[in-house]
>>> print(open('coords-v4.json').read())   # JSON, C-alpha atoms
[["chain", "number", "residue", "atom", "x", "y", "z"],
["A", 175, "MET", "CA", 103.05, 99.94, 87.30],
["A", 176, "LYS", "CA", 101.75, 97.53, 89.95],
["A", 177, "THR", "CA", 100.67, 98.61, 93.41],
["A", 178, "CYS", "CA", 102.64, 97.14, 96.31],
["A", 179, "ASP", "CA", 100.78, 94.61, 98.45],
["A", 180, "ASN", "CA", 102.96, 95.58, 101.47],
["A", 181, "ALA", "CA", 103.82, 91.91, 102.10],
["A", 182, "SER", "CA", 107.19, 90.36, 101.29],
["A", 183, "VAL", "CA", 109.00, 87.11, 101.85],
["A", 184, "GLY", "CA", 112.70, 86.44, 102.05],
["A", 185, "ILE", "CA", 114.28, 83.04, 101.63],
["A", 186, "VAL", "CA", 117.72, 82.27, 103.09],
["A", 187, "ILE", "CA", 119.14, 79.19, 101.38],
["A", 188, "THR", "CA", 122.23, 77.65, 102.94],
["A", 189, "ASP", "CA", 124.38, 74.62, 102.35],
["A", 190, "PRO", "CA", 126.79, 73.33, 105.00],
["A", 191, "HIS", "CA", 129.60, 73.09, 102.43],
["A", 192, "SER", "CA", 128.79, 76.03, 100.15],
["A", 193, "GLY", "CA", 127.52, 78.73, 102.52],
["A", 194, "TYR", "CA", 124.78, 81.17, 101.48],
["A", 195, "LEU", "CA", 123.10, 81.33, 98.07],
["A", 196, "ILE", "CA", 122.90, 84.98, 97.05],
["A", 197, "PHE", "CA", 122.80, 87.11, 93.94],
["A", 198, "ASP", "CA", 123.04, 90.72, 92.90],
["A", 199, "ARG", "CA", 119.65, 92.17, 92.10],
["A", 200, "ALA", "CA", 119.26, 92.99, 88.40],
["A", 201, "THR", "CA", 116.66, 95.66, 89.23],
["A", 202, "PHE", "CA", 116.00, 98.11, 92.08],
["A", 203, "PRO", "CA", 116.85, 97.88, 94.91],
["A", 204, "ILE", "CA", 120.59, 97.46, 94.36],
["A", 205, "GLY", "CA", 122.45, 94.92, 96.45],
["A", 206, "ALA", "CA", 123.39, 91.30, 97.00],
["A", 207, "ALA", "CA", 120.67, 89.29, 98.69],
["A", 208, "PRO", "CA", 118.92, 85.96, 99.03],
["A", 209, "ALA", "CA", 115.73, 85.28, 97.07],
["A", 210, "ALA", "CA", 112.77, 87.50, 97.96],
["A", 211, "GLY", "CA", 109.54, 88.88, 96.61],
["A", 212, "HIS", "CA", 106.00, 90.06, 97.18],
["A", 213, "VAL", "CA", 103.32, 87.70, 98.44],
["A", 214, "ASP", "CA", 100.82, 89.06, 95.88],
["A", 215, "ASP", "CA", 98.34, 86.42, 94.72],
["A", 216, "HIS", "CA", 100.51, 83.47, 95.75],
["A", 217, "GLY", "CA", 98.26, 82.76, 98.73],
["A", 218, "SER", "CA", 100.34, 82.05, 101.83],
["A", 219, "THR", "CA", 103.83, 83.31, 102.60],
["A", 220, "GLU", "CA", 105.06, 79.73, 102.16],
["A", 221, "ASP", "CA", 103.52, 79.58, 98.68],
["A", 222, "ALA", "CA", 105.18, 82.91, 97.85],
["A", 223, "CYS", "CA", 108.55, 81.51, 98.98],
["A", 224, "ARG", "CA", 108.20, 78.50, 96.72],
["A", 225, "ALA", "CA", 107.19, 80.67, 93.77],
["A", 226, "GLU", "CA", 110.00, 83.22, 94.26],
["A", 227, "VAL", "CA", 112.73, 80.58, 94.59],
["A", 228, "GLU", "CA", 111.47, 78.87, 91.43],
["A", 229, "GLU", "CA", 111.15, 82.18, 89.55],
["A", 230, "GLU", "CA", 114.49, 83.68, 90.60],
["A", 231, "LEU", "CA", 116.70, 80.58, 90.88],
["A", 232, "GLY", "CA", 114.90, 77.69, 89.19],
["A", 233, "LEU", "CA", 115.07, 75.61, 92.38],
["A", 234, "THR", "CA", 112.38, 73.70, 94.26],
["A", 235, "VAL", "CA", 111.87, 74.38, 97.97],
["A", 236, "THR", "CA", 111.74, 71.17, 100.01],
["A", 237, "SER", "CA", 111.39, 72.71, 103.50],
["A", 238, "LEU", "CA", 110.77, 76.11, 105.08],
["A", 239, "THR", "CA", 111.35, 77.35, 108.63],
["A", 240, "ARG", "CA", 110.32, 80.87, 109.63],
["A", 241, "VAL", "CA", 113.37, 82.60, 111.15],
["A", 242, "THR", "CA", 112.55, 86.33, 111.44],
["A", 243, "GLY", "CA", 110.45, 89.12, 110.04],
["A", 244, "GLY", "CA", 108.46, 92.23, 110.77],
["A", 245, "TRP", "CA", 107.51, 95.59, 109.29],
["A", 246, "ARG", "CA", 110.15, 97.57, 107.40],
["A", 247, "ASP", "CA", 109.71, 100.95, 105.71],
["A", 248, "ASN", "CA", 111.66, 99.81, 102.65],
["A", 249, "ARG", "CA", 110.80, 101.13, 99.19],
["A", 250, "CYS", "CA", 110.24, 98.91, 96.17],
["A", 251, "ARG", "CA", 109.71, 99.45, 92.44],
["A", 252, "ARG", "CA", 105.93, 99.49, 92.84],
["A", 253, "ARG", "CA", 103.52, 102.27, 93.75],
["A", 254, "PRO", "CA", 102.99, 102.49, 97.53],
["A", 255, "GLY", "CA", 100.29, 100.14, 98.79],
["A", 256, "ALA", "CA", 97.40, 100.54, 101.24],
["A", 257, "ARG", "CA", 99.86, 100.75, 104.15],
["A", 258, "GLY", "CA", 102.10, 103.27, 102.37],
["A", 259, "THR", "CA", 105.73, 102.56, 101.61],
["A", 260, "GLY", "CA", 107.01, 99.42, 103.27],
["A", 261, "HIS", "CA", 106.52, 95.71, 103.72],
["A", 262, "ASP", "CA", 105.51, 93.23, 106.37],
["A", 263, "TRP", "CA", 108.33, 90.72, 105.89],
["A", 264, "THR", "CA", 108.36, 87.02, 106.69],
["A", 265, "VAL", "CA", 111.83, 85.51, 106.34],
["A", 266, "TYR", "CA", 112.42, 81.78, 106.06],
["A", 267, "GLN", "CA", 115.36, 79.40, 106.07],
["A", 268, "ALA", "CA", 114.89, 76.96, 103.20],
["A", 269, "THR", "CA", 116.31, 73.77, 101.83],
["A", 270, "VAL", "CA", 116.09, 73.30, 98.09],
["A", 271, "THR", "CA", 116.63, 70.78, 95.35],
["A", 272, "GLY", "CA", 117.16, 70.98, 91.61],
["A", 273, "ASP", "CA", 119.58, 72.55, 89.19],
["A", 274, "LEU", "CA", 120.34, 76.23, 89.61],
["A", 275, "THR", "CA", 118.87, 78.10, 86.62],
["A", 276, "PRO", "CA", 118.86, 81.80, 87.55],
["A", 277, "SER", "CA", 116.50, 84.33, 86.01],
["A", 278, "ALA", "CA", 118.46, 86.73, 83.81],
["A", 279, "ARG", "CA", 115.71, 89.32, 84.30],
["A", 280, "GLU", "CA", 115.96, 89.35, 88.10],
["A", 281, "THR", "CA", 119.44, 88.13, 88.99],
["A", 282, "LYS", "CA", 123.11, 88.75, 88.29],
["A", 283, "ASN", "CA", 126.17, 87.04, 89.69],
["A", 284, "VAL", "CA", 124.35, 84.17, 91.43],
["A", 285, "ARG", "CA", 126.77, 82.47, 93.79],
["A", 286, "TRP", "CA", 127.33, 80.49, 96.92],
["A", 287, "ILE", "CA", 129.44, 82.46, 99.39],
["A", 288, "ALA", "CA", 131.11, 81.57, 102.66],
["A", 289, "PRO", "CA", 130.05, 83.30, 105.88],
["A", 290, "ASP", "CA", 133.19, 85.48, 105.90],
["A", 291, "ALA", "CA", 132.45, 86.68, 102.35],
["A", 292, "LEU", "CA", 128.89, 87.56, 103.41],
["A", 293, "GLN", "CA", 130.36, 89.54, 106.32],
["A", 294, "GLU", "CA", 132.60, 91.42, 103.86],
["A", 295, "LEU", "CA", 129.52, 92.38, 101.82],
["A", 296, "ALA", "CA", 127.84, 93.62, 105.01],
["A", 297, "VAL", "CA", 130.89, 95.76, 105.82],
["A", 298, "ARG", "CA", 130.65, 97.29, 102.33],
["A", 299, "THR", "CA", 126.98, 98.19, 102.93],
["A", 300, "VAL", "CA", 127.88, 99.87, 106.22],
["A", 301, "ALA", "CA", 130.60, 101.83, 104.39],
["A", 302, "TYR", "CA", 128.00, 102.86, 101.80],
["A", 303, "ALA", "CA", 125.59, 103.99, 104.53],
["A", 304, "GLN", "CA", 128.39, 106.03, 106.10],
["A", 305, "GLY", "CA", 129.21, 107.74, 102.78],
["A", 306, "ARG", "CA", 132.57, 106.01, 102.32],
["A", 307, "VAL", "CA", 131.30, 104.25, 99.15],
["A", 308, "THR", "CA", 129.56, 106.26, 96.42],
["A", 309, "ASP", "CA", 126.30, 105.31, 94.71],
["A", 310, "ALA", "CA", 128.23, 104.45, 91.54],
["A", 311, "GLU", "CA", 130.75, 102.33, 93.46],
["A", 312, "PHE", "CA", 127.97, 100.47, 95.29],
["A", 313, "GLU", "CA", 126.09, 99.83, 92.07],
["A", 314, "ALA", "CA", 129.26, 98.53, 90.37],
["A", 315, "ALA", "CA", 130.20, 96.27, 93.31],
["A", 316, "PRO", "CA", 127.27, 96.04, 95.70],
["A", 317, "GLY", "CA", 127.28, 94.99, 99.30],
["A", 318, "VAL", "CA", 124.28, 93.41, 101.00],
["A", 319, "GLU", "CA", 120.96, 94.90, 99.90],
["A", 320, "PRO", "CA", 120.21, 97.32, 102.77],
["A", 321, "VAL", "CA", 116.86, 95.83, 103.82],
["A", 322, "TRP", "CA", 118.57, 92.44, 104.24],
["A", 323, "MET", "CA", 121.10, 93.70, 106.78],
["A", 324, "GLN", "CA", 118.59, 93.49, 109.64],
["A", 325, "TRP", "CA", 117.35, 90.05, 108.66],
["A", 326, "LEU", "CA", 120.87, 88.64, 108.29],
["A", 327, "ALA", "CA", 121.84, 90.16, 111.64],
["A", 328, "ASP", "CA", 118.72, 88.65, 113.24],
["A", 329, "ILE", "CA", 119.79, 85.14, 112.20],
["A", 330, "ALA", "CA", 123.45, 85.78, 113.16],
["A", 331, "ALA", "CA", 124.65, 85.44, 109.57],
["A", 332, "ILE", "CA", 126.44, 88.82, 109.88],
["A", 333, "LYS", "CA", 127.71, 90.94, 112.75],
["A", 334, "VAL", "CA", 126.97, 94.67, 112.78],
["A", 335, "SER", "CA", 126.41, 97.12, 115.59],
["A", 336, "PRO", "CA", 122.98, 98.59, 116.37],
["A", 337, "ASP", "CA", 124.28, 102.02, 115.28],
["A", 338, "GLU", "CA", 125.44, 100.59, 111.94],
["A", 339, "LEU", "CA", 122.03, 98.96, 111.40],
["A", 340, "LEU", "CA", 120.35, 102.32, 112.01],
["A", 341, "GLN", "CA", 122.63, 103.99, 109.46],
["A", 342, "VAL", "CA", 121.88, 101.29, 106.90],
["A", 343, "GLU", "CA", 118.13, 101.48, 107.62],
["A", 344, "LEU", "CA", 118.12, 105.04, 106.28],
["A", 345, "LEU", "CA", 119.17, 103.66, 102.86],
["A", 346, "THR", "CA", 115.95, 101.63, 102.59],
["A", 347, "ARG", "CA", 113.60, 104.62, 102.67]]
>>> encode(input="coords-v4.json", output="structure tokens")
Amino acid sequence: MKTCDNASVGIVITDPHSGYLIFDRATFPIGAAPAAGHVDDHGSTEDACRAEVEEELGLTVTSLTRVTGGWRDNRCRRRPGARGTGHDWTVYQATVTGDLTPSARETKNVRWIAPDALQELAVRTVAYAQGRVTDAEFEAAPGVEPVWMQWLADIAAIKVSPDELLQVELLTR
């Protein structure tokens, strides 16, 4: 098992006609989310973004704009790194080109969704955090991956209250 490098990137891909490009994670952590991954040996965060989008979706990044980020205590599949459990996130808005060829190993149900559908997924995650959706129900029909709730709220892609974000944050640990 790899050791976490405590550095992650997230890549929000949007299209004015299609909405947000998201997928259900095929591995832990459960949830629907944009492309993301560890920086590892990719070099810069921008290089990691390009590599993750290519690896997960088969697309080529043509531009990146940093939109949010910061430290989060979220778990991952790896052993805790030098800074313990968590990641210093850098989240970008990206434009892409190419034909969508999702990774079967990392993705399920890759889709473009409208902003209102993304909001519905966020509401489901809040319900999960509040115990109104069971683990099995969330795994069968996931909402937004919990760590992504803050980032999507930061860029005004979803609307949730500060109390709801705190409840969801507890799911990431």
>>> residues_around(input="coords-v4.json", residues="range 220-236 of chain A", least_positions_apart="5", cutoff="6 Å", atoms="all atoms listed in the file", output="list in words")
Val213, Thr269, Val270, Thr271, Gly272, Leu274, Thr275, Pro276 and Ser277 of chain A
>>> closest_residue(input="coords-v4.json", among="A:Asn180, A:Val318, A:Leu195, A:Trp325", to="Glu294 in chain A", atoms="all atoms listed in the file")
A:Val318
>>> residues_around(input="coords-v4.json", residues="Leu340 in chain A", least_positions_apart="5", cutoff="12 Å", atoms="all atoms listed in the file", output="ChimeraX atom specification")
/A:299-300,303-304,320-321,323-324,334-335,345-347
>>> atom_distance(input="coords-v4.json", atom1="CA of Gly244 in chain A", atom2="CA of Leu292 in chain A")
22.2 Å
>>> atom_distance(input="coords-v4.json", atom1="CA of Arg253 in chain A", atom2="CA of Val307 in chain A")
28.4 Å
>>> closest_residue(input="coords-v4.json", among="A:Met175, A:Ala331, A:Asp262, A:Ala314", to="Asp290 in chain A", atoms="only C-alpha atoms")
A:Ala331
>>> atom_distance(input="coords-v4.json", atom1="CA of Thr177 in chain A", atom2="CA of Thr201 in chain A")
16.8 Å
>>> closest_residue(input="coords-v4.json", among="A:Asp179, A:Gly217, A:Thr242, A:Leu326", to="Gln293 in chain A", atoms="only C-alpha atoms")
A:Leu326
>>> closest_residue(input="coords-v4.json", among="A:Ala209, A:Ala301, A:Thr281, A:Trp286", to="Pro190 in chain A", atoms="all atoms listed in the file")
A:Trp286
>>> closest_residue(input="coords-v4.json", among="A:Trp322, A:Ile332, A:Asp198, A:Trp245", to="Pro289 in chain A", atoms="only C-alpha atoms")
A:Ile332
>>> closest_residue(input="coords-v4.json", among="A:Arg306, A:Arg240, A:Lys176, A:Arg298", to="Tyr266 in chain A", atoms="only C-alpha atoms")
A:Arg240
>>> build_atoms(input="coords-v4.json", residues="range 282-302 of chain A", atoms="N, CA and C atoms", output="short mmCIF file (atom, residue, chain, number, x, y, z; two decimals), keeping the file's coordinate frame")
data_model
loop_
_atom_site.label_atom_id
_atom_site.label_comp_id
_atom_site.auth_asym_id
_atom_site.auth_seq_id
_atom_site.Cartn_x
_atom_site.Cartn_y
_atom_site.Cartn_z
N LYS A 282 121.78 88.68 88.86
CA LYS A 282 123.11 88.75 88.29
C LYS A 282 124.06 88.12 89.31
N ASN A 283 125.11 87.52 88.81
CA ASN A 283 126.17 87.04 89.69
C ASN A 283 125.65 86.13 90.81
N VAL A 284 124.85 85.13 90.44
CA VAL A 284 124.35 84.17 91.43
C VAL A 284 125.53 83.34 91.91
N ARG A 285 125.62 83.20 93.25
CA ARG A 285 126.77 82.47 93.79
C ARG A 285 126.51 81.97 95.20
N TRP A 286 127.26 80.95 95.55
CA TRP A 286 127.33 80.49 96.92
C TRP A 286 128.51 81.21 97.55
N ILE A 287 128.32 81.79 98.73
CA ILE A 287 129.44 82.46 99.39
C ILE A 287 129.58 81.97 100.83
N ALA A 288 130.80 81.96 101.28
CA ALA A 288 131.11 81.57 102.66
C ALA A 288 130.67 82.66 103.63
N PRO A 289 130.46 82.30 104.89
CA PRO A 289 130.05 83.30 105.88
C PRO A 289 130.98 84.52 105.96
N ASP A 290 132.30 84.33 105.83
CA ASP A 290 133.19 85.48 105.90
C ASP A 290 133.03 86.41 104.70
N ALA A 291 132.70 85.86 103.54
CA ALA A 291 132.45 86.68 102.35
C ALA A 291 131.14 87.46 102.51
N LEU A 292 130.14 86.85 103.14
CA LEU A 292 128.89 87.56 103.41
C LEU A 292 129.15 88.71 104.38
N GLN A 293 130.00 88.48 105.38
CA GLN A 293 130.36 89.54 106.32
C GLN A 293 131.06 90.69 105.59
N GLU A 294 131.93 90.38 104.63
CA GLU A 294 132.60 91.42 103.86
C GLU A 294 131.60 92.28 103.08
N LEU A 295 130.56 91.63 102.53
CA LEU A 295 129.52 92.38 101.82
C LEU A 295 128.75 93.29 102.79
N ALA A 296 128.52 92.80 104.00
CA ALA A 296 127.84 93.62 105.01
C ALA A 296 128.69 94.84 105.38
N VAL A 297 129.99 94.65 105.51
CA VAL A 297 130.89 95.76 105.82
C VAL A 297 130.84 96.81 104.70
N ARG A 298 130.74 96.35 103.46
CA ARG A 298 130.65 97.29 102.33
C ARG A 298 129.36 98.10 102.42
N THR A 299 128.25 97.47 102.80
CA THR A 299 126.98 98.19 102.93
C THR A 299 127.06 99.22 104.04
N VAL A 300 127.70 98.90 105.15
CA VAL A 300 127.88 99.87 106.22
C VAL A 300 128.72 101.05 105.71
N ALA A 301 129.77 100.76 104.96
CA ALA A 301 130.60 101.83 104.39
C ALA A 301 129.78 102.71 103.46
N TYR A 302 128.89 102.11 102.69
CA TYR A 302 128.00 102.86 101.80
C TYR A 302 127.06 103.76 102.62
#
